[in-house]
Amino acid sequence: MATTNPAATSPIQPDWNTIVAAHERIRPRIHRTPVLTSESMNALAGADLFFKCENLQKTGSFKIRGATNAIFSLSDEEARRGVATHSSGNHAAAVACAAGWRGIPAWIVMPKNAPKVKCRAVESYGGKITFCEPNVSSRSETAARILAETGAVLVHPYDDDRIIAGQSTAAKELMEEVPDLEAVLCPVSGGGLLSGSCLGAKGIRDDVRVFGCEPERADDAYRSLKVGALQPLETTDTIADGLRATLAPRTFAILRQQVDGILLVSEEEIVATMKLVWERMKIVIEPSSAVALAPLLKKEGIEQVSGRAGKRARVGIILSGGNVELKW
């Protein structure tokens with residue numbers, strides 16, 4: 001799908017000055033989310049864990065960082081056209097919210113199987129939803145039609161340097177607060193958060209290791225990096241509804257240079273980890289967030305990410321969001 005925004009087409013990944021500028025741009029509007037620790041989780045993982053709680057962020061996820069940076073980077077002329085995007089939920093809510101802050105309309109394409117809690121959030125922020133079939137082709141075709149009908153500017157969920165720069169600020173904040181981390185783990189879907197986390201964390205300390213975490217049922221990043229070419233998935237059925245997108249050439253190029261590995265987890269491990277966080281840490285996270293912790297709870301988990309033998313590892317985990325539909 002073609003973008004109508006020339007600023008989103010640069011082939012050069014965001015540099016440190018761009019990331020700092022993005023952080024300054026969004027700082028007045030977002031939360032600097034807390035970094036929590038848990039002795040219970042440390043004991044289970046056999047490491048010291050530091051949780052960057054983007055589940056406590058405005059709109060309930062890290063997505064507001066990138067959306068705010070992208071929308072407030074628009075010229076007045078671009079902004080008057082409004083914005084459009086496609087998303088399963090969290091980016092949709094973030095775009096609708098940030099557009100509301102700027103006083104412009106937002107058209108949102110969402111799969112018809114998107115969680116109802118995320119659809120309600122988009123509507124509460126003033127976003128205008130168009131539903132599509134739950135596959136990549138339908139999402140792209142519907143978004144292209146909306147762009148043509150409205151003349152809006154595309155704010156892509158991850159294939160946009162401004163989005164990546166905004167997402168990088170979560171890892172930047174984490175490293176500023178806990179500078180001696182050995183590794184940072186976060187979920188990977190389209191790659192905006194993971195590529196941004198690589199740039200944000202390694203921009204502060206270039207020897208920190210950064211790992212993406214991915215459901216086995218949506219493992220395009222793992223397979224793409226393994227073979228050295230994009231391996232897109234048309235559909236997925238993972239419970240981690242925020243991780244059903246696939247890498248774009250832009251995010252793939254950054255990850256090939258920067259990421260230290262992709263860790264896979266099963267559906268059963270995702271659910272068990274999510275419930276464990278609810279019970280032990282008393283915070284609500286969604287399945288996509290649980291994907292970033294689940295690898296460390298396996299028997300070999302900490303050995304996969306620790307770069308220093310003989311020392312207790314210190315690992316940062318980005319809990320990406322907390323928008324989950326609770327059913328009783």
# chains A, B, ... in the order shown; residues from 1 in each chain; ligands from 1
$ closest_atom_pairs --of "region 185-284 of chain A" --to "region 294-302 of chain A" --cutoff "8 Å" --atoms "only C-alpha atoms" --output "Markdown table"
| residue | atom | partner | partner_atom | distance |
| --- | --- | --- | --- | --- |
| A:Cys213 | CA | A:Pro295 | CA | 7.5 |
| A:Leu263 | CA | A:Pro295 | CA | 6.6 |
| A:Leu264 | CA | A:Pro295 | CA | 7.1 |
| A:Val265 | CA | A:Pro295 | CA | 6.4 |
| A:Glu269 | CA | A:Ala294 | CA | 6.2 |
| A:Ile270 | CA | A:Ala294 | CA | 6.3 |
| A:Thr273 | CA | A:Ala294 | CA | 5.7 |
$ write_last_selection --atoms "C-alpha atoms" --output "mmCIF file, in the first residue's frame"
data_model
loop_
_atom_site.group_PDB
_atom_site.id
_atom_site.type_symbol
_atom_site.label_atom_id
_atom_site.label_comp_id
_atom_site.auth_asym_id
_atom_site.auth_seq_id
_atom_site.Cartn_x
_atom_site.Cartn_y
_atom_site.Cartn_z
ATOM 1 C CA CYS A 213 9.884 -12.142 21.542
ATOM 2 C CA LEU A 263 12.763 -15.873 21.107
ATOM 3 C CA LEU A 264 9.624 -17.935 20.459
ATOM 4 C CA VAL A 265 6.887 -18.919 22.901
ATOM 5 C CA GLU A 269 3.203 -20.134 27.718
ATOM 6 C CA ILE A 270 1.688 -16.764 26.778
ATOM 7 C CA THR A 273 2.716 -15.868 31.874
#
$ select_by_dssp --residues "region 96-187 of chain A" --states "alpha helix (DSSP H)" --output "PDB file with N, CA and C atoms, in the first residue's frame"
ATOM      1  N   ALA A  96      -6.093   7.677  17.104  1.00  0.00           N
ATOM      2  CA  ALA A  96      -7.317   8.423  17.377  1.00  0.00           C
ATOM      3  C   ALA A  96      -7.102   9.427  18.502  1.00  0.00           C
ATOM      4  N   CYS A  97      -6.389   9.002  19.559  1.00  0.00           N
ATOM      5  CA  CYS A  97      -6.129   9.882  20.695  1.00  0.00           C
ATOM      6  C   CYS A  97      -5.232  11.055  20.299  1.00  0.00           C
ATOM      7  N   ALA A  98      -4.117  10.773  19.647  1.00  0.00           N
ATOM      8  CA  ALA A  98      -3.181  11.827  19.261  1.00  0.00           C
ATOM      9  C   ALA A  98      -3.809  12.782  18.255  1.00  0.00           C
ATOM     10  N   ALA A  99      -4.641  12.239  17.346  1.00  0.00           N
ATOM     11  CA  ALA A  99      -5.345  13.102  16.400  1.00  0.00           C
ATOM     12  C   ALA A  99      -6.296  14.034  17.139  1.00  0.00           C
ATOM     13  N   GLY A 100      -6.947  13.512  18.167  1.00  0.00           N
ATOM     14  CA  GLY A 100      -7.828  14.341  18.974  1.00  0.00           C
ATOM     15  C   GLY A 100      -7.072  15.470  19.657  1.00  0.00           C
ATOM     16  N   TRP A 101      -5.863  15.158  20.164  1.00  0.00           N
ATOM     17  CA  TRP A 101      -5.042  16.203  20.785  1.00  0.00           C
ATOM     18  C   TRP A 101      -4.709  17.306  19.789  1.00  0.00           C
ATOM     19  N   ARG A 102      -4.507  16.903  18.531  1.00  0.00           N
ATOM     20  CA  ARG A 102      -4.157  17.907  17.516  1.00  0.00           C
ATOM     21  C   ARG A 102      -5.402  18.528  16.882  1.00  0.00           C
ATOM     22  N   LYS A 116     -13.240  -6.287  21.242  1.00  0.00           N
ATOM     23  CA  LYS A 116     -14.241  -5.234  21.424  1.00  0.00           C
ATOM     24  C   LYS A 116     -13.734  -4.119  22.324  1.00  0.00           C
ATOM     25  N   VAL A 117     -12.925  -4.464  23.316  1.00  0.00           N
ATOM     26  CA  VAL A 117     -12.413  -3.431  24.222  1.00  0.00           C
ATOM     27  C   VAL A 117     -11.552  -2.429  23.462  1.00  0.00           C
ATOM     28  N   LYS A 118     -10.835  -2.902  22.440  1.00  0.00           N
ATOM     29  CA  LYS A 118      -9.990  -2.000  21.654  1.00  0.00           C
ATOM     30  C   LYS A 118     -10.833  -1.170  20.679  1.00  0.00           C
ATOM     31  N   CYS A 119     -11.892  -1.755  20.149  1.00  0.00           N
ATOM     32  CA  CYS A 119     -12.791  -0.981  19.281  1.00  0.00           C
ATOM     33  C   CYS A 119     -13.467   0.133  20.077  1.00  0.00           C
ATOM     34  N   ARG A 120     -13.913  -0.183  21.288  1.00  0.00           N
ATOM     35  CA  ARG A 120     -14.561   0.842  22.112  1.00  0.00           C
ATOM     36  C   ARG A 120     -13.591   1.970  22.439  1.00  0.00           C
ATOM     37  N   ALA A 121     -12.327   1.615  22.658  1.00  0.00           N
ATOM     38  CA  ALA A 121     -11.326   2.646  22.958  1.00  0.00           C
ATOM     39  C   ALA A 121     -11.155   3.599  21.783  1.00  0.00           C
ATOM     40  N   VAL A 122     -11.059   3.051  20.564  1.00  0.00           N
ATOM     41  CA  VAL A 122     -10.910   3.888  19.369  1.00  0.00           C
ATOM     42  C   VAL A 122     -12.081   4.851  19.249  1.00  0.00           C
ATOM     43  N   GLU A 123     -13.277   4.340  19.424  1.00  0.00           N
ATOM     44  CA  GLU A 123     -14.472   5.177  19.320  1.00  0.00           C
ATOM     45  C   GLU A 123     -14.505   6.242  20.403  1.00  0.00           C
ATOM     46  N   SER A 124     -14.048   5.897  21.602  1.00  0.00           N
ATOM     47  CA  SER A 124     -14.061   6.874  22.699  1.00  0.00           C
ATOM     48  C   SER A 124     -13.118   8.038  22.437  1.00  0.00           C
ATOM     49  N   VAL A 136      -4.020  -9.684   5.910  1.00  0.00           N
ATOM     50  CA  VAL A 136      -3.171  -8.581   5.477  1.00  0.00           C
ATOM     51  C   VAL A 136      -3.703  -7.924   4.210  1.00  0.00           C
ATOM     52  N   SER A 137      -4.165  -8.729   3.246  1.00  0.00           N
ATOM     53  CA  SER A 137      -4.630  -8.173   1.979  1.00  0.00           C
ATOM     54  C   SER A 137      -5.835  -7.265   2.166  1.00  0.00           C
ATOM     55  N   SER A 138      -6.813  -7.724   2.940  1.00  0.00           N
ATOM     56  CA  SER A 138      -8.019  -6.932   3.159  1.00  0.00           C
ATOM     57  C   SER A 138      -7.699  -5.655   3.920  1.00  0.00           C
ATOM     58  N   ARG A 139      -6.818  -5.755   4.895  1.00  0.00           N
ATOM     59  CA  ARG A 139      -6.435  -4.579   5.672  1.00  0.00           C
ATOM     60  C   ARG A 139      -5.804  -3.531   4.751  1.00  0.00           C
ATOM     61  N   SER A 140      -4.888  -3.943   3.910  1.00  0.00           N
ATOM     62  CA  SER A 140      -4.197  -3.007   3.015  1.00  0.00           C
ATOM     63  C   SER A 140      -5.149  -2.412   1.978  1.00  0.00           C
ATOM     64  N   GLU A 141      -6.001  -3.259   1.394  1.00  0.00           N
ATOM     65  CA  GLU A 141      -6.923  -2.782   0.374  1.00  0.00           C
ATOM     66  C   GLU A 141      -7.938  -1.799   0.956  1.00  0.00           C
ATOM     67  N   THR A 142      -8.442  -2.095   2.150  1.00  0.00           N
ATOM     68  CA  THR A 142      -9.418  -1.211   2.779  1.00  0.00           C
ATOM     69  C   THR A 142      -8.774   0.115   3.155  1.00  0.00           C
ATOM     70  N   ALA A 143      -7.568   0.054   3.684  1.00  0.00           N
ATOM     71  CA  ALA A 143      -6.869   1.288   4.046  1.00  0.00           C
ATOM     72  C   ALA A 143      -6.584   2.140   2.817  1.00  0.00           C
ATOM     73  N   ALA A 144      -6.214   1.515   1.712  1.00  0.00           N
ATOM     74  CA  ALA A 144      -5.960   2.256   0.475  1.00  0.00           C
ATOM     75  C   ALA A 144      -7.232   2.961   0.001  1.00  0.00           C
ATOM     76  N   ARG A 145      -8.361   2.295   0.137  1.00  0.00           N
ATOM     77  CA  ARG A 145      -9.628   2.911  -0.262  1.00  0.00           C
ATOM     78  C   ARG A 145      -9.968   4.109   0.624  1.00  0.00           C
ATOM     79  N   ILE A 146      -9.780   3.967   1.909  1.00  0.00           N
ATOM     80  CA  ILE A 146     -10.068   5.066   2.844  1.00  0.00           C
ATOM     81  C   ILE A 146      -9.157   6.261   2.556  1.00  0.00           C
ATOM     82  N   LEU A 147      -7.884   5.991   2.287  1.00  0.00           N
ATOM     83  CA  LEU A 147      -6.953   7.073   1.958  1.00  0.00           C
ATOM     84  C   LEU A 147      -7.385   7.805   0.691  1.00  0.00           C
ATOM     85  N   ALA A 148      -7.822   7.050  -0.307  1.00  0.00           N
ATOM     86  CA  ALA A 148      -8.249   7.664  -1.566  1.00  0.00           C
ATOM     87  C   ALA A 148      -9.518   8.489  -1.386  1.00  0.00           C
ATOM     88  N   GLU A 149     -10.428   7.990  -0.548  1.00  0.00           N
ATOM     89  CA  GLU A 149     -11.708   8.685  -0.346  1.00  0.00           C
ATOM     90  C   GLU A 149     -11.554   9.953   0.494  1.00  0.00           C
ATOM     91  N   THR A 150     -10.650   9.930   1.469  1.00  0.00           N
ATOM     92  CA  THR A 150     -10.555  11.037   2.424  1.00  0.00           C
ATOM     93  C   THR A 150      -9.422  12.007   2.134  1.00  0.00           C
ATOM     94  N   ASP A 161       9.515   6.092   9.872  1.00  0.00           N
ATOM     95  CA  ASP A 161      10.636   6.480  10.735  1.00  0.00           C
ATOM     96  C   ASP A 161      10.177   7.244  11.969  1.00  0.00           C
ATOM     97  N   ARG A 162       9.119   8.049  11.832  1.00  0.00           N
ATOM     98  CA  ARG A 162       8.640   8.827  12.971  1.00  0.00           C
ATOM     99  C   ARG A 162       8.005   7.929  14.023  1.00  0.00           C
ATOM    100  N   ILE A 163       7.321   6.888  13.566  1.00  0.00           N
ATOM    101  CA  ILE A 163       6.762   5.905  14.493  1.00  0.00           C
ATOM    102  C   ILE A 163       7.887   5.187  15.234  1.00  0.00           C
ATOM    103  N   ILE A 164       8.885   4.735  14.499  1.00  0.00           N
ATOM    104  CA  ILE A 164      10.012   4.019  15.107  1.00  0.00           C
ATOM    105  C   ILE A 164      10.739   4.906  16.115  1.00  0.00           C
ATOM    106  N   ALA A 165      10.966   6.167  15.751  1.00  0.00           N
ATOM    107  CA  ALA A 165      11.639   7.092  16.671  1.00  0.00           C
ATOM    108  C   ALA A 165      10.827   7.280  17.942  1.00  0.00           C
ATOM    109  N   GLY A 166       9.507   7.391  17.797  1.00  0.00           N
ATOM    110  CA  GLY A 166       8.670   7.529  18.981  1.00  0.00           C
ATOM    111  C   GLY A 166       8.699   6.294  19.856  1.00  0.00           C
ATOM    112  N   GLN A 167       8.619   5.113  19.248  1.00  0.00           N
ATOM    113  CA  GLN A 167       8.646   3.872  20.034  1.00  0.00           C
ATOM    114  C   GLN A 167       9.997   3.678  20.735  1.00  0.00           C
ATOM    115  N   SER A 168      11.052   4.204  20.157  1.00  0.00           N
ATOM    116  CA  SER A 168      12.386   4.027  20.751  1.00  0.00           C
ATOM    117  C   SER A 168      12.501   4.675  22.121  1.00  0.00           C
ATOM    118  N   THR A 169      11.607   5.609  22.413  1.00  0.00           N
ATOM    119  CA  THR A 169      11.742   6.355  23.674  1.00  0.00           C
ATOM    120  C   THR A 169      11.429   5.495  24.893  1.00  0.00           C
ATOM    121  N   ALA A 170      10.688   4.400  24.732  1.00  0.00           N
ATOM    122  CA  ALA A 170      10.418   3.520  25.874  1.00  0.00           C
ATOM    123  C   ALA A 170      11.713   2.859  26.347  1.00  0.00           C
ATOM    124  N   ALA A 171      12.478   2.293  25.419  1.00  0.00           N
ATOM    125  CA  ALA A 171      13.765   1.679  25.786  1.00  0.00           C
ATOM    126  C   ALA A 171      14.759   2.734  26.250  1.00  0.00           C
ATOM    127  N   LYS A 172      14.714   3.906  25.656  1.00  0.00           N
ATOM    128  CA  LYS A 172      15.584   5.010  26.090  1.00  0.00           C
ATOM    129  C   LYS A 172      15.332   5.335  27.559  1.00  0.00           C
ATOM    130  N   GLU A 173      14.072   5.475  27.930  1.00  0.00           N
ATOM    131  CA  GLU A 173      13.735   5.762  29.325  1.00  0.00           C
ATOM    132  C   GLU A 173      14.172   4.627  30.250  1.00  0.00           C
ATOM    133  N   LEU A 174      13.957   3.388  29.809  1.00  0.00           N
ATOM    134  CA  LEU A 174      14.352   2.229  30.620  1.00  0.00           C
ATOM    135  C   LEU A 174      15.845   2.230  30.875  1.00  0.00           C
ATOM    136  N   MET A 175      16.641   2.472  29.840  1.00  0.00           N
ATOM    137  CA  MET A 175      18.091   2.487  29.997  1.00  0.00           C
ATOM    138  C   MET A 175      18.566   3.681  30.826  1.00  0.00           C
ATOM    139  N   GLU A 176      17.875   4.784  30.742  1.00  0.00           N
ATOM    140  CA  GLU A 176      18.228   5.940  31.576  1.00  0.00           C
ATOM    141  C   GLU A 176      18.004   5.632  33.047  1.00  0.00           C
ATOM    142  N   GLU A 177      16.972   4.849  33.343  1.00  0.00           N
ATOM    143  CA  GLU A 177      16.653   4.526  34.733  1.00  0.00           C
ATOM    144  C   GLU A 177      17.476   3.358  35.254  1.00  0.00           C
TER     145      GLU A 177
END
$ closest_residue --among "A:Ser38, A:Asn55, A:Thr251, A:Thr235" --to "Cys198 (chain A)" --atoms "only C-alpha atoms"
A:Thr251
$ closest_residue --among "A:Thr130, A:Arg205, A:Pro249, A:Met41" --to "Trp278 (chain A)" --atoms "only C-alpha atoms"
A:Met41
$ residues_around --residues "Glu54 (chain A)" --least-positions-apart "6" --cutoff "6 Å" --atoms "only C-alpha atoms" --output "ChimeraX atom specification"
/A:61-62,319-321
$ atom_distance --atom1 "CA of Ala290 (chain A)" --atom2 "CA of Met274 (chain A)"
5.0 Å
$ residues_around --residues "Ser87 (chain A)" --least-positions-apart "3" --cutoff "9 Å" --atoms "only C-alpha atoms" --output "NGL selection string"
:A and (90-93 or 108-111 or 114 or 139 or 156-157 or 242 or 245)
